[in-house]
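*Asks:* This is entry_31.cif (mmCIF, C-alpha atoms).
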data_structure
loop_
_atom_site.label_atom_id
_atom_site.label_comp_id
_atom_site.auth_asym_id
_atom_site.auth_seq_id
_atom_site.Cartn_x
_atom_site.Cartn_y
_atom_site.Cartn_z
CA MET A 269 0.00 0.00 0.00
CA GLU A 270 1.10 3.56 -0.57
CA ILE A 271 0.04 7.04 0.50
CA LEU A 272 -0.75 9.45 -2.31
CA SER A 273 -1.23 13.21 -2.15
CA TYR A 274 -4.21 14.19 -4.30
CA PHE A 275 -2.83 17.53 -5.44
CA ASP A 276 0.49 15.97 -6.50
CA LEU A 277 -1.17 13.47 -8.85
CA PRO A 278 -0.76 14.24 -12.56
CA GLN A 279 -4.27 12.92 -13.29
CA PRO A 280 -6.35 12.91 -10.10
CA GLU A 281 -9.69 12.27 -11.81
CA TYR A 282 -9.59 8.52 -11.14
CA TRP A 283 -9.07 9.02 -7.41
CA LEU A 284 -11.66 11.80 -7.28
CA LYS A 285 -14.19 9.30 -8.61
CA LYS A 286 -13.13 6.83 -5.92
CA ILE A 287 -13.66 9.44 -3.17
CA GLY A 288 -17.14 10.03 -4.55
CA GLU A 289 -17.92 6.32 -4.14
CA SER A 290 -17.73 6.54 -0.33
CA ASP A 291 -21.03 5.88 1.46
CA TRP A 292 -20.60 8.95 3.71
CA ARG A 293 -22.17 12.37 3.41
CA ALA A 294 -18.95 14.20 4.31
CA GLY A 295 -17.10 12.15 1.70
CA LYS A 296 -19.59 13.26 -0.92
CA TYR A 297 -19.08 16.86 0.21
CA LEU A 298 -15.29 16.51 -0.06
CA HIS A 299 -15.76 15.14 -3.56
CA SER A 300 -17.84 18.16 -4.56
CA CYS A 301 -15.30 20.63 -3.11
CA LEU A 302 -12.50 18.99 -5.06
CA ALA A 303 -14.58 18.76 -8.22
CA ASP A 304 -15.57 22.45 -8.23
CA GLY A 305 -12.15 23.69 -7.09
CA THR A 306 -13.28 25.24 -3.79
CA PHE A 307 -11.47 22.89 -1.41
CA ARG A 308 -8.35 24.99 -0.78
CA ARG A 309 -10.33 28.21 -0.66
CA LEU A 310 -12.39 26.74 2.16
CA TYR A 311 -9.71 24.82 4.05
CA GLY A 312 -6.45 26.65 3.32
CA GLY A 313 -4.01 27.11 0.47
CA LYS A 314 -1.70 24.35 1.74
CA ALA A 315 -4.47 21.85 2.51
CA GLN A 316 -3.81 18.30 1.40
CA VAL A 317 -6.00 15.28 0.64
CA LEU A 318 -4.17 12.10 1.63
CA LEU A 319 -5.13 8.83 -0.03
CA LEU A 320 -4.16 5.32 1.09
CA ALA A 321 -4.15 3.16 -2.01
CA ASP A 322 -3.97 -0.60 -2.43
CA GLY A 323 -3.10 -0.83 -6.11
CA GLU A 324 -6.06 0.75 -7.87
CA ASN A 325 -8.29 0.48 -4.81
CA LEU A 326 -8.84 3.43 -2.49
CA VAL A 327 -8.54 2.12 1.05
CA SER A 328 -8.86 5.26 3.15
CA PHE A 329 -8.61 9.03 2.88
CA CYS A 330 -8.34 12.11 5.08
CA THR A 331 -7.43 15.76 4.84
CA TYR A 332 -4.65 17.81 6.40
CA ALA A 333 -5.78 21.43 6.51
CA GLU A 334 -5.33 24.80 8.13
CA ARG A 335 -9.07 25.06 8.82
CA ASP A 336 -11.89 22.65 9.55
CA GLU A 337 -15.56 23.00 10.49
CA ILE A 338 -14.96 25.07 13.64
CA PRO A 339 -15.37 28.83 13.07
CA ASP A 340 -13.40 31.53 14.88
CA THR A 341 -10.72 29.34 16.44
CA ASP A 342 -6.95 29.64 16.59
CA LEU A 343 -6.55 25.86 16.64
CA THR A 344 -4.62 24.60 13.61
CA PRO A 345 -3.84 22.37 11.72
CA TRP A 346 -6.66 19.83 11.41
CA LEU A 347 -7.02 16.21 10.41
CA GLY A 348 -10.45 15.88 8.82
CA PHE A 349 -12.71 13.98 6.42
CA ALA A 350 -11.28 10.68 7.71
CA TYR A 351 -12.89 7.67 6.06
CA THR A 352 -12.03 4.00 5.49
CA PHE A 353 -13.94 1.88 3.00
CA PRO A 354 -15.97 -0.94 4.64
CA GLU A 355 -13.91 -3.85 3.34
CA TYR A 356 -10.75 -2.43 4.96
CA ARG A 357 -12.16 -1.47 8.35
CA GLY A 358 -10.81 -3.00 11.55
CA GLN A 359 -7.23 -3.04 10.22
CA ARG A 360 -6.10 0.35 11.58
CA MET A 361 -5.68 1.74 8.08
CA LEU A 362 -6.42 5.27 9.23
CA GLY A 363 -3.34 5.09 11.43
CA ARG A 364 -1.12 5.22 8.35
CA LEU A 365 -2.73 8.42 7.14
CA ALA A 366 -2.65 9.91 10.64
CA GLY A 367 1.09 9.24 10.71
CA LYS A 368 1.52 11.08 7.42
CA ALA A 369 -0.59 14.00 8.65
CA LYS A 370 1.57 14.21 11.79
CA GLU A 371 4.65 14.28 9.59
CA LEU A 372 3.24 17.20 7.57
CA ALA A 373 2.36 19.04 10.77
CA ARG A 374 5.88 18.57 12.14
CA GLU A 375 7.33 19.94 8.92
CA ASP A 376 5.05 22.97 9.33
CA GLY A 377 6.36 23.50 12.87
CA SER A 378 3.19 22.36 14.67
CA GLU A 379 3.26 20.34 17.87
CA ALA A 380 -0.31 19.09 17.52
CA LEU A 381 -3.06 18.17 15.09
CA TYR A 382 -6.71 18.74 15.96
CA ILE A 383 -9.70 16.59 15.08
CA SER A 384 -13.40 17.47 15.16
CA THR A 385 -15.61 14.41 15.39
CA GLY A 386 -18.74 12.90 16.82
CA GLU A 387 -16.93 9.60 17.35
CA THR A 388 -15.78 8.26 20.71
CA GLY A 389 -13.05 5.63 20.90
CA LEU A 390 -11.81 5.95 17.32
CA TYR A 391 -8.99 8.47 17.49
CA GLU A 392 -7.86 7.37 20.94
CA LYS A 393 -6.47 4.25 19.22
CA TYR A 394 -3.98 6.48 17.43
CA GLY A 395 -2.87 8.42 20.50
CA ALA A 396 -5.32 11.34 20.36
CA SER A 397 -6.66 12.82 23.58
CA PHE A 398 -10.05 14.46 24.12
CA GLN A 399 -9.78 18.21 24.74
CA THR A 400 -13.20 19.85 24.79
CA VAL A 401 -16.57 20.23 23.10
CA MET A 402 -17.00 23.08 20.60
CA GLN A 403 -19.68 24.15 18.14
CA ASN A 404 -19.21 23.60 14.43
CA ALA A 405 -20.35 25.94 11.65
CA ASP A 406 -23.87 24.48 11.86
CA GLY A 407 -24.11 25.28 15.58
CA GLU A 408 -23.85 21.60 16.56
CA ASP A 409 -21.67 20.26 19.36
CA THR A 410 -18.58 18.35 18.24
CA ARG A 411 -15.81 16.65 20.18
CA ILE A 412 -12.31 18.12 19.76
CA TYR A 413 -9.28 15.84 20.02
CA ARG A 414 -5.57 16.67 20.08
CA LEU A 415 -2.98 14.43 18.43
CA ASP A 416 0.61 15.29 19.37
CA THR A 417 2.80 15.36 16.28
CA PHE A 418 5.80 14.22 18.31
CA GLY A 419 4.76 10.92 19.82
CA PHE A 420 7.90 10.00 21.75
CA ALA A 421 8.28 10.18 25.52
CA GLY A 422 9.83 13.45 26.69
CA TRP A 423 9.12 15.35 23.48
CA GLU A 424 7.84 18.40 25.34
CA GLY A 425 11.29 19.18 26.74
CA ALA A 426 13.38 17.56 24.02
CA LEU A 427 15.32 20.73 23.19
CA ALA A 428 18.86 19.69 24.14
CA PRO A 429 21.25 21.36 21.66
CA ALA A 430 23.30 19.30 19.23
CA ARG A 431 27.01 19.13 20.07
CA THR A 432 28.12 18.38 16.53
CA GLU A 433 27.54 19.82 13.08
CA GLU A 434 28.01 16.42 11.47
CA TYR A 435 24.26 16.20 10.79
CA PRO A 436 23.10 19.49 9.22
CA GLY A 437 19.57 20.45 10.27
CA ILE A 438 19.60 18.30 13.42
CA ARG A 439 19.52 20.89 16.20
CA THR A 440 17.39 19.17 18.86
CA PRO A 441 16.06 15.66 19.57
CA ARG A 442 12.81 16.75 17.92
CA ASP A 443 14.70 17.36 14.69
CA LEU A 444 16.37 13.98 15.02
CA TYR A 445 13.02 12.23 15.50
CA SER A 446 11.58 13.97 12.43
CA ALA A 447 14.55 12.85 10.34
CA LEU A 448 14.63 9.30 11.68
CA TRP A 449 10.95 8.92 10.84
CA HIS A 450 12.13 8.67 7.23
CA VAL A 451 15.20 6.58 8.03
CA TRP A 452 13.97 3.77 10.30
CA THR A 453 13.44 0.64 8.21
CA ALA A 454 13.10 -3.11 8.65
CA GLU A 455 16.87 -3.35 8.02
CA THR A 456 17.64 -1.16 11.06
CA CYS A 457 15.15 -3.10 13.22
CA ALA A 458 16.40 -5.86 15.56
CA PRO A 459 16.29 -9.16 13.62
CA ARG A 460 14.05 -10.93 16.14
CA MET A 461 11.39 -8.23 15.67
CA ARG A 462 11.81 -7.62 11.95
CA GLN A 463 8.81 -9.67 10.88
CA ASP A 464 6.56 -7.37 12.94
CA TRP A 465 8.09 -4.09 11.76
CA SER A 466 5.83 -1.85 9.69
CA GLU A 467 5.66 1.76 8.57
CA GLU A 468 2.95 2.30 11.17
CA ASN A 469 5.23 0.92 13.90
CA ARG A 470 8.55 2.37 12.71
CA THR A 471 10.27 2.53 16.10
CA LEU A 472 9.92 -1.20 16.74
CA GLY A 473 13.29 -2.80 17.46
CA GLN A 474 15.21 0.46 16.95
CA CYS A 475 15.95 1.51 20.54
CA SER A 476 19.64 0.80 21.12
CA VAL A 477 20.99 1.89 17.72
CA THR A 478 18.83 5.03 17.92
CA ALA A 479 19.86 5.88 21.47
CA PHE A 480 23.58 5.57 20.74
CA LEU A 481 23.22 7.65 17.58
CA ALA A 482 21.39 10.29 19.63
CA GLN A 483 24.25 10.17 22.14
CA ASP A 484 26.69 10.90 19.30
CA ILE A 485 24.76 14.07 18.55
CA PHE A 486 23.59 15.36 21.95
CA GLY A 487 26.05 13.77 24.36
CA GLY A 488 24.83 12.58 27.74
CA LYS A 489 24.20 8.97 28.69
CA VAL A 490 22.13 6.05 27.50
CA TYR A 491 20.03 4.20 30.06
CA GLY A 492 18.05 0.99 29.82
CA ILE A 493 14.61 0.06 31.17
CA PRO A 494 14.68 -3.65 32.16
CA LEU A 495 12.33 -5.79 30.07
CA LYS A 496 10.68 -9.10 30.90
CA ASP A 497 12.83 -10.96 28.38
CA GLY A 498 16.01 -9.92 30.19
CA GLY A 499 16.95 -7.18 27.74
CA PHE A 500 16.78 -3.41 28.07
CA HIS A 501 14.87 -0.67 26.30
CA CYS A 502 17.33 2.16 25.69
CA TYR A 503 16.68 5.90 26.02
CA ASN A 504 18.71 9.08 26.42
CA ALA A 505 19.51 11.64 29.10
CA ALA A 506 21.42 14.74 27.96
CA GLY A 507 21.76 17.02 30.95
CA GLU A 508 18.26 17.64 32.29
CA CYS A 509 16.72 16.49 29.01
CA VAL A 510 15.40 12.92 29.16
CA PHE A 511 13.90 11.58 25.95
CA ASP A 512 12.99 8.24 24.41
CA LEU A 513 12.79 8.48 20.62
CA THR A 514 11.49 4.93 20.24
CA SER A 515 8.88 4.74 23.01
CA GLU A 516 5.99 4.47 20.54
CA GLN A 517 6.69 0.79 20.10
CA PHE A 518 5.12 0.29 23.54
CA PRO A 519 1.59 1.68 23.07
CA GLY A 520 -0.44 1.85 26.25
CA GLN A 521 2.49 0.84 28.48
CA GLU A 522 3.89 3.03 31.22
CA LEU A 523 7.68 3.19 31.03
CA LYS A 524 9.77 4.25 34.03
CA TYR A 525 12.58 6.68 33.31
CA GLU A 526 14.20 6.79 36.73
CA GLY A 527 16.65 4.49 38.51
CA ASN A 528 17.63 2.51 35.43
CA PRO A 529 21.15 1.19 34.69
CA GLU A 530 23.45 2.97 32.26
CA GLN A 531 24.05 1.21 28.95
CA LYS A 532 27.50 1.04 27.36
CA ARG A 533 27.87 0.92 23.60
CA GLU A 534 30.86 -1.40 23.76
CA GLU A 535 28.65 -4.00 25.43
CA HIS A 536 25.79 -3.56 22.97
CA PHE A 537 28.07 -3.51 19.94
CA ARG A 538 29.63 -6.83 20.81
CA LYS A 539 26.77 -8.12 18.68
CA ASP A 540 27.84 -7.76 15.06
CA GLU A 541 24.25 -7.33 13.84
CA LYS A 542 23.70 -4.38 16.18
CA ARG A 543 26.90 -2.68 15.10
CA VAL A 544 25.90 -3.14 11.47
CA ARG A 545 22.42 -1.72 12.09
CA TYR A 546 23.92 1.28 13.87
CA GLY A 547 26.14 1.90 10.85
CA LEU A 548 23.17 1.66 8.48
CA LEU A 549 21.12 4.09 10.56
CA LYS A 550 23.99 6.55 10.84
CA ALA A 551 24.72 6.46 7.10
CA ALA A 552 21.05 6.87 6.20
CA LEU A 553 20.70 9.86 8.54
CA LYS A 554 23.78 11.53 7.04
CA SER A 555 22.42 10.95 3.55
CA ARG A 556 19.06 12.47 4.43
CA CYS A 557 20.62 15.50 6.11
CA ALA A 558 22.86 16.11 3.11
CA ALA A 559 19.93 15.81 0.70
CA ARG A 560 17.81 18.22 2.74
CA GLN A 561 20.64 20.73 2.94
CA GLY A 562 21.16 20.60 -0.81
#
Is it possible to give me this structure as structure tokens?
*Replies:*
Amino acid sequence: MEILSYFDLPQPEYWLKKIGESDWRAGKYLHSCLADGTFRRLYGGKAQVLLLADGENLVSFCTYAERDEIPDTDLTPWLGFAYTFPEYRGQRMLGRLAGKAKELAREDGSEALYISTGETGLYEKYGASFQTVMQNADGEDTRIYRLDTFGFAGWEGALAPARTEEYPGIRTPRDLYSALWHVWTAETCAPRMRQDWSEENRTLGQCSVTAFLAQDIFGGKVYGIPLKDGGFHCYNAAGECVFDLTSEQFPGQELKYEGNPEQKREEHFRKDEKRVRYGLLKAALKSRCAARQG
């Protein structure tokens, strides 16, 4: 499956027709706004329509926009018009689009996405938290959710300065997370977990190689949370800044970031596979930083 951006398609008519086939009133409305060219006038000049495609089948769609159905609010940006076709429901397909929308929001400098919905229990599955009830443009009550664009533990204070210029554009752990989002792959995942790695769960099996790479950039120490299998989940502490770039692989679990043993890279890198994965991650990050700078 792949994520397509409607406005980047050379011939979007096929996918416009697919959007119009949704059995949802809001989907029909989105179709009409795209068809008559009013979508970006209504929802913002940078608004995007994200499509999850399975070959020629449209699986799911949503919008990423400056505005939504709530008038006179400073909240922005918004994830809206979220829909999954019936035959694909129950497979967390919307999570892939939500991840892409979070990526776009991070690139725009936003710490959160907002969602207006009448649903309860849907967006919580993807890490969103209920904020308040507001009135939409029709004067009806709607539930407002917040989805943090940085999902890792400690993101709020993850502003430790980089101690090296080896990775242009990486100034804070937030920048590193945003870059690694494009760099984490099955090849950099621990072999025992590789079969479960997916683009929706990108941080799976990446903790030690990520933590030691972060240490290269921000200094400090790497610590490990003891796991039931006898291993450790690695995270970073740079001065007063404690952050865990790969915590999202433990959804719904409470991780303790105090009183844990320090982890030494020489011990971890005794495993050839881990040393190789660290090298792959480091090279891929350098390549991305160089490409972005150019």
*Asks:* Might you spell out which residues the PyMOL selection byres ((chain A and resi 387-398) around 9) would select in the displayed file, as a VMD selection string?
*Replies:* chain A and resid 360 362 to 363 366 to 367 381 to 386 399 to 401 410 to 416 419 519
*Asks:* Take the residues that were just selected and, keeping C-alpha atoms, output them as a short mmCIF file (atom, residue, chain, number, x, y, z; two decimals), in the frame of the given file.
*Replies:*
data_model
loop_
_atom_site.label_atom_id
_atom_site.label_comp_id
_atom_site.auth_asym_id
_atom_site.auth_seq_id
_atom_site.Cartn_x
_atom_site.Cartn_y
_atom_site.Cartn_z
CA ARG A 360 -6.10 0.35 11.58
CA LEU A 362 -6.42 5.27 9.23
CA GLY A 363 -3.34 5.09 11.43
CA ALA A 366 -2.65 9.91 10.64
CA GLY A 367 1.09 9.24 10.71
CA LEU A 381 -3.06 18.17 15.09
CA TYR A 382 -6.71 18.74 15.96
CA ILE A 383 -9.70 16.59 15.08
CA SER A 384 -13.40 17.47 15.16
CA THR A 385 -15.61 14.41 15.39
CA GLY A 386 -18.74 12.90 16.82
CA GLN A 399 -9.78 18.21 24.74
CA THR A 400 -13.20 19.85 24.79
CA VAL A 401 -16.57 20.23 23.10
CA THR A 410 -18.58 18.35 18.24
CA ARG A 411 -15.81 16.65 20.18
CA ILE A 412 -12.31 18.12 19.76
CA TYR A 413 -9.28 15.84 20.02
CA ARG A 414 -5.57 16.67 20.08
CA LEU A 415 -2.98 14.43 18.43
CA ASP A 416 0.61 15.29 19.37
CA GLY A 419 4.76 10.92 19.82
CA PRO A 519 1.59 1.68 23.07
#
*Asks:* Quick one: pull the distance between atom CA of A:Glu289 and atom CA of A:Gly358, Å, one decimal.
*Replies:*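 Spanning atom CA of A:Glu289 to atom CA of A:Gly358 is a straight-line distance of 19.6 Å.
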*Asks:* What is the atom CA of A:Leu272 to atom CA of A:Leu448 distance in Å?
*Replies:*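 One can read the atom CA of A:Leu272 to atom CA of A:Leu448 distance as 20.8 Å.
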*Asks:* Report as a short mmCIF file (atom, residue, chain, number, x, y, z; two decimals) with C-alpha atoms, in the coordinates of the input the full result of the PyMOL selection byres ((chain A and resi 557) around 9) when it is applied to this structure.
*Replies:*
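Output saved as expr17.cif:
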data_model
loop_
_atom_site.label_atom_id
_atom_site.label_comp_id
_atom_site.auth_asym_id
_atom_site.auth_seq_id
_atom_site.Cartn_x
_atom_site.Cartn_y
_atom_site.Cartn_z
CA TYR A 435 24.26 16.20 10.79
CA PRO A 436 23.10 19.49 9.22
CA GLY A 437 19.57 20.45 10.27
CA ILE A 438 19.60 18.30 13.42
CA ALA A 447 14.55 12.85 10.34
CA ALA A 552 21.05 6.87 6.20
CA LEU A 553 20.70 9.86 8.54
CA LYS A 554 23.78 11.53 7.04
CA SER A 555 22.42 10.95 3.55
CA ARG A 556 19.06 12.47 4.43
CA ALA A 558 22.86 16.11 3.11
CA ALA A 559 19.93 15.81 0.70
CA ARG A 560 17.81 18.22 2.74
CA GLN A 561 20.64 20.73 2.94
CA GLY A 562 21.16 20.60 -0.81
#
*Asks:* Skip stretch 346-350 of chain A itself and residues of its chain fewer than 2 positions away, then list as number ranges by chain all residues within 9 Å of it, counting all atoms listed in the file.
*Replies:* A: 294-295, 298, 317, 328-337, 343-344, 352, 362, 365-366, 369-370, 380-385
*Asks:* Give as a list in words every residue, naming chains and numbers as the document does, that has an atom within 9 Å of (19.9, -1.8, 28.3), counting all atoms listed in the file.
*Replies:*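 Those residues lying close to the given coordinates are Ser476, Val490, Tyr491, Gly492, Ile493, Pro494, Leu495, Gly499, Phe500, His501, Cys502, Tyr503, Asn528, Pro529, Glu530, Gln531, Lys532 and His536 of chain A.
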*Asks:* Identify, on the basis of only C-alpha atoms, every residue whose closest approach to stretch 425-432 of chain A does not exceed 6 Å; exclude the query and any residue fewer than 5 positions from it along the same chain; express the result as a PyMOL selection string.
*Replies:* chain A and resi 439-441+485-486
*Asks:* Next, write the just-selected residues to a file, as a PDB file, in the frame of the given file, keeping C-alpha atoms as the atom set.
*Replies:*
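Dumped everything to again-v8.pdb:
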ATOM      1  CA  ARG A 439      19.520  20.890  16.200  1.00  0.00           C
ATOM      2  CA  THR A 440      17.390  19.170  18.860  1.00  0.00           C
ATOM      3  CA  PRO A 441      16.060  15.660  19.570  1.00  0.00           C
ATOM      4  CA  ILE A 485      24.760  14.070  18.550  1.00  0.00           C
ATOM      5  CA  PHE A 486      23.590  15.360  21.950  1.00  0.00           C
TER       6      PHE A 486
END
*Asks:* Point out the residue among A:His299, A:Lys285, A:Arg460, A:Arg374 with the least atom-to-atom distance to A:Gly473, counting only C-alpha atoms.
*Replies:*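 Using only C-alpha atoms, A:Gly473 sits closest to A:Arg460.
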*Asks:* Produce the centre coordinates and the three edge lengths, each in Å to one decimal, of the box along x, y and z that contains all listed atoms of stretch 516-522 of chain A with 3 Å added on each side, as JSON.
*Replies:*
{"center_x": 3.1, "center_y": 2.4, "center_z": 25.7, "size_x": 13.1, "size_y": 10.2, "size_z": 17.1}
*Asks:* Between atom CA of A:Gly407 and atom CA of A:Asp340, measure the distance and give it in Å to one decimal.
*Replies:*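 Rounded to one decimal, the two atoms are 12.4 Å apart.
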*Asks:* I need the residue nearest A:Ala321 from this list: A:Arg364, A:Arg308, A:Lys296, A:Lys489. Use all atoms listed in the file for the distance.
*Replies:*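 So, comparing all the options, the nearest one is A:Arg364.
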*Asks:* Considering only C-alpha atoms, state which residue in the set A:Glu270, A:Phe353, A:Asp276, A:Gln517 is at the smallest distance from A:Gly288.
*Replies:* A:Phe353
*Asks:* Could you get me a file of stretch 418-427 of chain A with all heavy atoms, as a CSV table (one decimal), in the first residue's frame, taken from the block above?
*Replies:*
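After the write, result-v4.csv holds the following:
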chain,number,residue,atom,x,y,z
A,418,PHE,N,4.6,15.0,17.8
A,418,PHE,CA,5.8,14.2,18.3
A,418,PHE,C,5.3,13.2,19.3
A,418,PHE,O,4.8,13.6,20.4
A,418,PHE,CB,6.8,15.1,19.0
A,418,PHE,CG,7.5,16.1,18.1
A,418,PHE,CD1,7.0,17.4,17.9
A,418,PHE,CD2,8.6,15.7,17.3
A,418,PHE,CE1,7.6,18.3,17.1
A,418,PHE,CE2,9.2,16.6,16.4
A,418,PHE,CZ,8.7,17.9,16.3
A,419,GLY,N,5.4,11.9,19.0
A,419,GLY,CA,4.8,10.9,19.8
A,419,GLY,C,5.7,10.3,20.8
A,419,GLY,O,5.3,9.5,21.6
A,420,PHE,N,7.0,10.7,20.9
A,420,PHE,CA,7.9,10.0,21.7
A,420,PHE,C,7.9,10.6,23.2
A,420,PHE,O,7.6,11.8,23.4
A,420,PHE,CB,9.3,10.0,21.2
A,420,PHE,CG,9.9,11.4,21.1
A,420,PHE,CD1,10.7,11.9,22.1
A,420,PHE,CD2,9.8,12.2,19.9
A,420,PHE,CE1,11.3,13.2,22.0
A,420,PHE,CE2,10.4,13.4,19.8
A,420,PHE,CZ,11.2,13.9,20.8
A,421,ALA,N,8.3,9.8,24.1
A,421,ALA,CA,8.3,10.2,25.5
A,421,ALA,C,9.3,11.3,25.7
A,421,ALA,O,10.5,11.1,25.3
A,421,ALA,CB,8.6,9.0,26.4
A,422,GLY,N,8.9,12.3,26.4
A,422,GLY,CA,9.8,13.4,26.7
A,422,GLY,C,9.9,14.5,25.6
A,422,GLY,O,10.7,15.4,25.7
A,423,TRP,N,9.0,14.4,24.6
A,423,TRP,CA,9.1,15.3,23.5
A,423,TRP,C,8.9,16.8,23.9
A,423,TRP,O,9.5,17.7,23.3
A,423,TRP,CB,8.1,15.0,22.4
A,423,TRP,CG,6.7,15.3,22.8
A,423,TRP,CD1,5.8,14.4,23.3
A,423,TRP,CD2,6.0,16.5,22.6
A,423,TRP,NE1,4.6,15.0,23.5
A,423,TRP,CE2,4.7,16.3,23.1
A,423,TRP,CE3,6.3,17.8,22.1
A,423,TRP,CZ2,3.7,17.3,23.1
A,423,TRP,CZ3,5.4,18.8,22.1
A,423,TRP,CH2,4.1,18.6,22.6
A,424,GLU,N,8.1,17.0,24.9
A,424,GLU,CA,7.8,18.4,25.3
A,424,GLU,C,9.1,19.2,25.7
A,424,GLU,O,9.2,20.4,25.4
A,424,GLU,CB,6.9,18.4,26.5
A,424,GLU,CG,5.5,17.8,26.3
A,424,GLU,CD,5.5,16.3,26.6
A,424,GLU,OE1,6.6,15.7,26.7
A,424,GLU,OE2,4.4,15.8,26.9
A,425,GLY,N,10.1,18.5,26.3
A,425,GLY,CA,11.3,19.2,26.7
A,425,GLY,C,12.5,18.8,25.9
A,425,GLY,O,13.6,19.0,26.3
A,426,ALA,N,12.3,18.1,24.8
A,426,ALA,CA,13.4,17.6,24.0
A,426,ALA,C,14.0,18.7,23.2
A,426,ALA,O,13.9,18.7,21.9
A,426,ALA,CB,12.9,16.4,23.1
A,427,LEU,N,14.7,19.6,23.9
A,427,LEU,CA,15.3,20.7,23.2
A,427,LEU,C,16.8,20.8,23.5
A,427,LEU,O,17.4,21.9,23.3
A,427,LEU,CB,14.6,22.0,23.7
A,427,LEU,CG,13.1,22.1,23.3
A,427,LEU,CD1,12.5,23.3,24.0
A,427,LEU,CD2,12.9,22.1,21.8
